[in-house]
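J.: Dropping in entry.pdb, with PDB, C-alpha atoms.
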```
ATOM      1  CA  MET A 182     -15.331  -5.517  -8.903
ATOM      2  CA  SER A 183     -12.248  -5.259  -6.716
ATOM      3  CA  LEU A 184     -11.807  -7.733  -3.876
ATOM      4  CA  ILE A 185      -9.968  -5.143  -1.762
ATOM      5  CA  GLY A 186     -11.754  -4.952   1.584
ATOM      6  CA  HIS A 187     -13.721  -8.162   0.975
ATOM      7  CA  ARG A 188     -13.499 -11.306   3.082
ATOM      8  CA  VAL A 189     -12.214 -14.449   1.374
ATOM      9  CA  GLU A 190     -15.210 -16.692   0.660
ATOM     10  CA  ALA A 191     -15.492 -20.230   1.993
ATOM     11  CA  PHE A 192     -13.520 -22.869   0.114
ATOM     12  CA  LYS A 193     -11.886 -26.272   0.576
ATOM     13  CA  ALA A 194      -9.019 -27.467  -1.587
ATOM     14  CA  GLN A 195      -6.437 -30.213  -1.682
ATOM     15  CA  ALA A 196      -2.805 -29.145  -1.526
ATOM     16  CA  TYR A 197       0.720 -30.482  -1.542
ATOM     17  CA  GLN A 198       3.271 -29.465   1.073
ATOM     18  CA  GLN A 199       6.672 -31.009   1.632
ATOM     19  CA  GLY A 200       5.811 -34.580   0.687
ATOM     20  CA  LYS A 201       2.282 -34.594   2.125
ATOM     21  CA  PHE A 202      -1.217 -33.937   0.895
ATOM     22  CA  VAL A 203      -3.179 -31.521   3.069
ATOM     23  CA  GLU A 204      -6.571 -29.835   2.941
ATOM     24  CA  VAL A 205      -6.715 -26.036   2.965
ATOM     25  CA  SER A 206      -9.753 -23.838   3.597
ATOM     26  CA  GLU A 207     -10.518 -20.185   4.212
ATOM     27  CA  GLN A 208     -10.117 -20.977   7.916
ATOM     28  CA  ASP A 209      -6.380 -21.447   7.332
ATOM     29  CA  LEU A 210      -6.206 -17.769   6.329
ATOM     30  CA  GLN A 211      -7.666 -16.600   9.658
ATOM     31  CA  GLY A 212      -5.563 -15.207  12.488
ATOM     32  CA  LYS A 213      -2.434 -14.434  10.466
ATOM     33  CA  TRP A 214      -1.361 -12.586   7.365
ATOM     34  CA  SER A 215      -1.459 -14.712   4.215
ATOM     35  CA  VAL A 216      -0.326 -14.446   0.627
ATOM     36  CA  VAL A 217      -2.376 -16.312  -1.989
ATOM     37  CA  PHE A 218      -0.157 -16.534  -5.068
ATOM     38  CA  PHE A 219      -1.830 -17.762  -8.289
ATOM     39  CA  TYR A 220       0.225 -18.910 -11.266
ATOM     40  CA  PRO A 221      -0.869 -20.462 -14.601
ATOM     41  CA  ALA A 222       0.484 -24.019 -14.486
ATOM     42  CA  ASP A 223       3.090 -26.478 -13.272
ATOM     43  CA  PHE A 224       5.828 -27.625 -15.686
ATOM     44  CA  THR A 225       5.948 -24.235 -17.413
ATOM     45  CA  PHE A 226       8.586 -21.513 -17.768
ATOM     46  CA  VAL A 227       8.019 -18.321 -15.771
ATOM     47  CA  CYS A 228       6.143 -20.136 -12.977
ATOM     48  CA  PRO A 229       9.101 -22.047 -11.485
ATOM     49  CA  THR A 230      11.190 -18.860 -11.438
ATOM     50  CA  GLU A 231       8.485 -17.094  -9.437
ATOM     51  CA  LEU A 232       7.940 -19.972  -7.023
ATOM     52  CA  ALA A 233      11.691 -20.274  -6.427
ATOM     53  CA  ASP A 234      11.982 -16.513  -5.892
ATOM     54  CA  LEU A 235       9.176 -16.688  -3.341
ATOM     55  CA  GLN A 236      10.849 -19.627  -1.592
ATOM     56  CA  GLU A 237      14.081 -17.619  -1.259
ATOM     57  CA  VAL A 238      12.370 -15.171   1.107
ATOM     58  CA  TYR A 239       9.663 -17.449   2.531
ATOM     59  CA  ALA A 240      11.380 -19.082   5.519
ATOM     60  CA  SER A 241      13.515 -16.136   6.581
ATOM     61  CA  ASP A 242      11.272 -13.189   5.813
ATOM     62  CA  PHE A 243       7.620 -14.133   5.354
ATOM     63  CA  LYS A 244       7.564 -16.767   8.109
ATOM     64  CA  GLY A 245       9.574 -14.407  10.321
ATOM     65  CA  LEU A 246       6.755 -11.868   9.983
ATOM     66  CA  GLY A 247       4.124 -14.511  10.715
ATOM     67  CA  VAL A 248       2.957 -14.532   7.077
ATOM     68  CA  GLU A 249       1.890 -17.805   5.443
ATOM     69  CA  VAL A 250       2.174 -18.325   1.679
ATOM     70  CA  TYR A 251      -0.141 -20.436  -0.482
ATOM     71  CA  SER A 252       0.637 -20.874  -4.165
ATOM     72  CA  VAL A 253      -2.294 -21.907  -6.374
ATOM     73  CA  SER A 254      -2.602 -23.226  -9.910
ATOM     74  CA  THR A 255      -5.395 -25.018 -11.732
ATOM     75  CA  ASP A 256      -3.336 -28.223 -11.618
ATOM     76  CA  THR A 257      -4.191 -30.929  -9.081
ATOM     77  CA  HIS A 258      -2.264 -31.545  -5.875
ATOM     78  CA  PHE A 259      -1.036 -34.742  -7.547
ATOM     79  CA  VAL A 260       0.562 -32.728 -10.344
ATOM     80  CA  HIS A 261       2.215 -30.469  -7.735
ATOM     81  CA  LYS A 262       3.779 -33.578  -6.177
ATOM     82  CA  ALA A 263       4.909 -34.881  -9.570
ATOM     83  CA  TRP A 264       6.476 -31.489 -10.342
ATOM     84  CA  ALA A 265       8.311 -31.510  -6.997
ATOM     85  CA  ASP A 266       9.488 -35.076  -7.623
ATOM     86  CA  ALA A 267      10.764 -34.161 -11.097
ATOM     87  CA  THR A 268      12.310 -30.744 -10.474
ATOM     88  CA  ASP A 269      14.936 -29.707  -7.933
ATOM     89  CA  THR A 270      13.612 -26.131  -7.937
ATOM     90  CA  ILE A 271      10.112 -27.191  -6.929
ATOM     91  CA  ARG A 272      11.313 -29.934  -4.583
ATOM     92  CA  GLY A 273      12.731 -27.109  -2.431
ATOM     93  CA  ILE A 274       9.371 -25.362  -2.002
ATOM     94  CA  THR A 275       8.266 -25.494   1.638
ATOM     95  CA  TYR A 276       5.077 -23.409   1.483
ATOM     96  CA  THR A 277       1.713 -24.968   0.614
ATOM     97  CA  MET A 278       0.894 -25.547  -3.076
ATOM     98  CA  ILE A 279      -2.892 -25.617  -3.572
ATOM     99  CA  GLY A 280      -4.512 -27.493  -6.453
ATOM    100  CA  ASP A 281      -7.525 -25.827  -8.054
ATOM    101  CA  PRO A 282      -8.601 -28.215 -10.855
ATOM    102  CA  ASN A 283     -12.271 -27.215 -10.528
ATOM    103  CA  HIS A 284     -11.287 -23.520 -10.818
ATOM    104  CA  GLN A 285     -13.206 -22.578  -7.652
ATOM    105  CA  LEU A 286     -10.415 -20.425  -6.228
ATOM    106  CA  ALA A 287      -9.346 -18.883  -9.529
ATOM    107  CA  ARG A 288     -12.964 -17.813 -10.124
ATOM    108  CA  GLN A 289     -13.447 -16.646  -6.556
ATOM    109  CA  PHE A 290     -10.359 -14.442  -6.760
ATOM    110  CA  GLY A 291     -11.195 -13.258 -10.296
ATOM    111  CA  VAL A 292      -8.058 -14.568 -12.025
ATOM    112  CA  LEU A 293      -9.420 -17.449 -14.110
ATOM    113  CA  ILE A 294      -8.768 -17.251 -17.849
ATOM    114  CA  GLU A 295     -11.956 -19.138 -18.798
ATOM    115  CA  SER A 296     -10.922 -19.930 -22.372
ATOM    116  CA  GLU A 297      -7.685 -21.583 -21.202
ATOM    117  CA  GLY A 298      -8.679 -23.025 -17.829
ATOM    118  CA  LEU A 299      -5.590 -21.356 -16.328
ATOM    119  CA  ALA A 300      -5.084 -18.587 -13.780
ATOM    120  CA  ASP A 301      -3.485 -15.219 -14.380
ATOM    121  CA  ARG A 302      -0.547 -14.352 -12.149
ATOM    122  CA  GLY A 303      -2.604 -13.000  -9.260
ATOM    123  CA  THR A 304      -1.207 -12.066  -5.861
ATOM    124  CA  PHE A 305      -3.535 -11.436  -2.921
ATOM    125  CA  VAL A 306      -2.462 -10.314   0.535
ATOM    126  CA  VAL A 307      -5.029 -11.283   3.154
ATOM    127  CA  ASP A 308      -5.084  -9.820   6.673
ATOM    128  CA  PRO A 309      -5.676 -11.827   9.876
ATOM    129  CA  ASP A 310      -9.428 -11.183   9.584
ATOM    130  CA  GLY A 311      -9.504 -12.935   6.198
ATOM    131  CA  VAL A 312      -9.939  -9.646   4.311
ATOM    132  CA  VAL A 313      -8.067  -8.920   1.065
ATOM    133  CA  GLN A 314      -5.788  -5.905   1.491
ATOM    134  CA  ILE A 315      -3.543  -6.008  -1.602
ATOM    135  CA  ILE A 316      -4.081  -7.282  -5.132
ATOM    136  CA  GLU A 317      -1.601  -7.535  -7.994
ATOM    137  CA  ILE A 318      -2.460  -9.223 -11.292
ATOM    138  CA  ASN A 319       0.069  -9.754 -14.064
ATOM    139  CA  PRO A 320      -0.290 -11.369 -17.485
ATOM    140  CA  GLY A 321       1.256 -14.774 -18.052
ATOM    141  CA  GLY A 322       4.519 -13.487 -19.517
ATOM    142  CA  VAL A 323       5.376 -11.112 -16.658
ATOM    143  CA  GLY A 324       6.910 -12.615 -13.522
ATOM    144  CA  ARG A 325       6.634 -11.072 -10.079
ATOM    145  CA  ASP A 326       9.269 -10.064  -7.532
ATOM    146  CA  ALA A 327       9.002 -11.636  -4.061
ATOM    147  CA  LYS A 328      11.014  -8.856  -2.408
ATOM    148  CA  GLU A 329       8.587  -6.230  -3.694
ATOM    149  CA  LEU A 330       5.715  -8.378  -2.429
ATOM    150  CA  LEU A 331       7.434  -8.576   0.958
ATOM    151  CA  ARG A 332       7.740  -4.767   1.021
ATOM    152  CA  LYS A 333       4.003  -4.430   0.323
ATOM    153  CA  VAL A 334       3.114  -6.950   3.048
ATOM    154  CA  LYS A 335       5.239  -5.024   5.540
ATOM    155  CA  ALA A 336       3.492  -1.792   4.545
ATOM    156  CA  ALA A 337       0.045  -3.364   4.923
ATOM    157  CA  LYS A 338       0.977  -4.755   8.327
ATOM    158  CA  TYR A 339       2.390  -1.386   9.393
ATOM    159  CA  THR A 340      -0.709   0.589   8.433
ATOM    160  CA  ARG A 341      -2.945  -1.935  10.212
ATOM    161  CA  GLU A 342      -0.842  -1.633  13.378
ATOM    162  CA  HIS A 343      -0.571   2.173  13.136
ATOM    163  CA  PRO A 344      -4.011   3.625  12.327
ATOM    164  CA  GLY A 345      -3.797   7.141  10.966
ATOM    165  CA  GLU A 346      -0.454   6.571   9.243
ATOM    166  CA  VAL A 347       0.143   5.710   5.583
ATOM    167  CA  CYS A 348       3.191   4.437   3.725
ATOM    168  CA  PRO A 349       4.334   6.576   0.779
ATOM    169  CA  ALA A 350       5.785   5.273  -2.478
ATOM    170  CA  LYS A 351       8.976   3.217  -2.087
ATOM    171  CA  TRP A 352       8.400   2.991   1.677
ATOM    172  CA  GLN A 353      10.754   0.564   3.388
ATOM    173  CA  GLU A 354      10.486  -0.791   6.906
ATOM    174  CA  GLY A 355      11.850   1.823   9.313
ATOM    175  CA  SER A 356      11.314   4.691   6.853
ATOM    176  CA  ALA A 357       9.151   7.702   7.589
ATOM    177  CA  THR A 358       5.418   7.403   7.108
ATOM    178  CA  LEU A 359       2.803  10.087   6.629
ATOM    179  CA  ALA A 360      -0.083  11.120   8.847
ATOM    180  CA  PRO A 361      -2.671  12.560   6.455
ATOM    181  CA  SER A 362      -3.887  15.930   7.661
ATOM    182  CA  LEU A 363      -4.945  19.346   6.473
ATOM    183  CA  ASP A 364      -1.340  20.507   6.995
ATOM    184  CA  LEU A 365      -0.059  18.087   4.327
ATOM    185  CA  VAL A 366      -2.514  19.046   1.586
ATOM    186  CA  GLY A 367      -0.544  20.412  -1.384
ATOM    187  CA  LYS A 368       2.818  20.093   0.392
ATOM    188  CA  LEU A 369       3.977  16.701  -0.866
TER     189      LEU A 369
END
```
Rewrite the structure of this file - the entire thing - as structure tokens.
T.:
Amino acid sequence: MSLIGHRVEAFKAQAYQQGKFVEVSEQDLQGKWSVVFFYPADFTFVCPTELADLQEVYASDFKGLGVEVYSVSTDTHFVHKAWADATDTIRGITYTMIGDPNHQLARQFGVLIESEGLADRGTFVVDPDGVVQIIEINPGGVGRDAKELLRKVKAAKYTREHPGEVCPAKWQEGSATLAPSLDLVGKL
């Protein structure tokens, strides 16, 4: 079952953010756009490239749009800290890194690989009401692109703010949108 259009269920989790341990819950996803970004594990290969890519656009672009980012793996918040202490790439991460050692979030979002105890590469865009608007799930060997994610977040925000308009393929901020109507049927 798709989570699109469903509210994020209640949860509490421990996280690591810039040298501190913090608690995160579904309440933190309320009132702003959020990205929940699952990855398999710390101290791996594709994962740090994705987290670094996300960091490159986090402060300037995501934060500038009022979007908060939460990365999640089935590691503990302690392991996130150890990874940041050991790796320059991860030390530079400023968004919140959630630990999910009991697999509550990975199960809730439908990305847990039960046989491995790891999460698939799942990306979830959550609107200010706590409702999932976008889902992308990739297998472990396929990394994601933060700029494409940013484009999708902008499109989701735009359509929420402009009811009756939709964003076509390859839509970029400032580009033309469509207003579905009888006049457009068969003309695109």
J.: One decimal, Å: what's the distance from atom CA of A:Phe305 over to atom CA of A:Thr225, could you say?
T.: 21.5 Å
J.: Which distance in Å separates atom CA of A:Gly280 and atom CA of A:Trp214, to one decimal?
T.: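 Spanning atom CA of A:Gly280 to atom CA of A:Trp214 is a straight-line distance of 20.6 Å.
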J.: Would you give me, as CSV, each residue of stretch 219-309 of chain A having an atom within 6 Å of an atom of stretch 186-208 of chain A, along with its shortest atom pair and that distance in Å to one decimal, using only C-alpha atoms and sorting by chain and residue number?
T.:
```
residue,atom,partner,partner_atom,distance
A:His258,CA,A:Ala196,CA,5.0
A:Thr275,CA,A:Gln199,CA,5.7
A:Thr277,CA,A:Gln198,CA,4.8
A:Met278,CA,A:Tyr197,CA,5.2
A:Ile279,CA,A:Ala196,CA,4.1
A:Gly280,CA,A:Ala196,CA,5.5
```
J.: Could you save those same residues with C-alpha atoms as a CSV table (one decimal), in the frame of the given file?
T.:
```csv
chain,number,residue,atom,x,y,z
A,258,HIS,CA,-2.3,-31.5,-5.9
A,275,THR,CA,8.3,-25.5,1.6
A,277,THR,CA,1.7,-25.0,0.6
A,278,MET,CA,0.9,-25.5,-3.1
A,279,ILE,CA,-2.9,-25.6,-3.6
A,280,GLY,CA,-4.5,-27.5,-6.5
```
J.: Could you please determine the separation between atom CA of A:Glu249 and atom CA of A:Leu210 in Å, to one decimal place?
T.: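 According to the coordinates, atom CA of A:Glu249 and atom CA of A:Leu210 are separated by 8.1 Å.
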J.: Residue by residue, what does the PyMOL selection byres ((chain A and resi 315-332) around 9) grab here? Present the result as a count of residues only.
T.: 39
J.: For A:Ala233, which residue among A:Pro361, A:Gly311, A:Pro282, A:Gly273 is the nearest when counting only C-alpha atoms?
T.: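 Of the candidates, the smallest distance to A:Ala233 is held by A:Gly273.
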J.: Looking at A:Asp223, A:Glu297, A:Asp269, A:Asp209, which one is nearest to A:Tyr251, with distances taken over all atoms listed in the file?
T.: A:Asp209
J.: Of the candidates A:Gly367, A:Met182, A:Pro309, A:Phe219, which shows the shortest atom-to-atom distance to A:Glu342, using all atoms listed in the file?
T.: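 Using all atoms listed in the file, the shortest distance to A:Glu342 belongs to A:Pro309.
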J.: Missing atoms in stretch 189-208 of chain A should be modelled up to N, CA and C atoms and reported as a PDB file, keeping the file's coordinate frame.
T.:
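Output file selection_28.pdb is given in full below:
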```pdb
ATOM      1  N   VAL A 189     -12.376 -13.271   2.226  1.00  0.00           N
ATOM      2  CA  VAL A 189     -12.214 -14.449   1.374  1.00  0.00           C
ATOM      3  C   VAL A 189     -13.398 -15.382   1.627  1.00  0.00           C
ATOM      4  N   GLU A 190     -14.045 -15.807   0.556  1.00  0.00           N
ATOM      5  CA  GLU A 190     -15.210 -16.692   0.660  1.00  0.00           C
ATOM      6  C   GLU A 190     -14.781 -18.097   1.079  1.00  0.00           C
ATOM      7  N   ALA A 191     -15.751 -18.855   1.566  1.00  0.00           N
ATOM      8  CA  ALA A 191     -15.492 -20.230   1.993  1.00  0.00           C
ATOM      9  C   ALA A 191     -14.992 -21.072   0.821  1.00  0.00           C
ATOM     10  N   PHE A 192     -14.015 -21.921   1.107  1.00  0.00           N
ATOM     11  CA  PHE A 192     -13.520 -22.869   0.114  1.00  0.00           C
ATOM     12  C   PHE A 192     -12.834 -24.027   0.842  1.00  0.00           C
ATOM     13  N   LYS A 193     -12.698 -25.136   0.139  1.00  0.00           N
ATOM     14  CA  LYS A 193     -11.886 -26.272   0.576  1.00  0.00           C
ATOM     15  C   LYS A 193     -11.133 -26.754  -0.646  1.00  0.00           C
ATOM     16  N   ALA A 194      -9.845 -27.027  -0.465  1.00  0.00           N
ATOM     17  CA  ALA A 194      -9.019 -27.467  -1.587  1.00  0.00           C
ATOM     18  C   ALA A 194      -7.949 -28.431  -1.090  1.00  0.00           C
ATOM     19  N   GLN A 195      -7.530 -29.300  -1.975  1.00  0.00           N
ATOM     20  CA  GLN A 195      -6.437 -30.213  -1.682  1.00  0.00           C
ATOM     21  C   GLN A 195      -5.123 -29.531  -2.071  1.00  0.00           C
ATOM     22  N   ALA A 196      -4.089 -29.795  -1.286  1.00  0.00           N
ATOM     23  CA  ALA A 196      -2.805 -29.145  -1.526  1.00  0.00           C
ATOM     24  C   ALA A 196      -1.664 -30.132  -1.286  1.00  0.00           C
ATOM     25  N   TYR A 197      -0.503 -29.716  -1.747  1.00  0.00           N
ATOM     26  CA  TYR A 197       0.720 -30.482  -1.542  1.00  0.00           C
ATOM     27  C   TYR A 197       1.668 -29.604  -0.747  1.00  0.00           C
ATOM     28  N   GLN A 198       2.272 -30.195   0.302  1.00  0.00           N
ATOM     29  CA  GLN A 198       3.271 -29.465   1.073  1.00  0.00           C
ATOM     30  C   GLN A 198       4.305 -30.428   1.615  1.00  0.00           C
ATOM     31  N   GLN A 199       5.525 -30.261   1.151  1.00  0.00           N
ATOM     32  CA  GLN A 199       6.672 -31.009   1.632  1.00  0.00           C
ATOM     33  C   GLN A 199       6.402 -32.504   1.786  1.00  0.00           C
ATOM     34  N   GLY A 200       5.986 -33.137   0.699  1.00  0.00           N
ATOM     35  CA  GLY A 200       5.811 -34.580   0.687  1.00  0.00           C
ATOM     36  C   GLY A 200       4.485 -35.080   1.231  1.00  0.00           C
ATOM     37  N   LYS A 201       3.581 -34.178   1.578  1.00  0.00           N
ATOM     38  CA  LYS A 201       2.282 -34.594   2.125  1.00  0.00           C
ATOM     39  C   LYS A 201       1.148 -33.898   1.383  1.00  0.00           C
ATOM     40  N   PHE A 202       0.001 -34.571   1.378  1.00  0.00           N
ATOM     41  CA  PHE A 202      -1.217 -33.937   0.895  1.00  0.00           C
ATOM     42  C   PHE A 202      -1.971 -33.405   2.103  1.00  0.00           C
ATOM     43  N   VAL A 203      -2.449 -32.169   1.981  1.00  0.00           N
ATOM     44  CA  VAL A 203      -3.179 -31.521   3.069  1.00  0.00           C
ATOM     45  C   VAL A 203      -4.413 -30.838   2.500  1.00  0.00           C
ATOM     46  N   GLU A 204      -5.398 -30.597   3.350  1.00  0.00           N
ATOM     47  CA  GLU A 204      -6.571 -29.835   2.941  1.00  0.00           C
ATOM     48  C   GLU A 204      -6.416 -28.403   3.446  1.00  0.00           C
ATOM     49  N   VAL A 205      -6.792 -27.450   2.618  1.00  0.00           N
ATOM     50  CA  VAL A 205      -6.715 -26.036   2.965  1.00  0.00           C
ATOM     51  C   VAL A 205      -8.101 -25.442   2.789  1.00  0.00           C
ATOM     52  N   SER A 206      -8.474 -24.548   3.709  1.00  0.00           N
ATOM     53  CA  SER A 206      -9.753 -23.838   3.597  1.00  0.00           C
ATOM     54  C   SER A 206      -9.544 -22.373   3.964  1.00  0.00           C
ATOM     55  N   GLU A 207     -10.587 -21.595   3.837  1.00  0.00           N
ATOM     56  CA  GLU A 207     -10.518 -20.185   4.212  1.00  0.00           C
ATOM     57  C   GLU A 207     -10.158 -20.025   5.689  1.00  0.00           C
ATOM     58  N   GLN A 208     -10.450 -21.033   6.489  1.00  0.00           N
ATOM     59  CA  GLN A 208     -10.117 -20.977   7.916  1.00  0.00           C
ATOM     60  C   GLN A 208      -8.605 -20.916   8.138  1.00  0.00           C
TER      61      GLN A 208
END
```
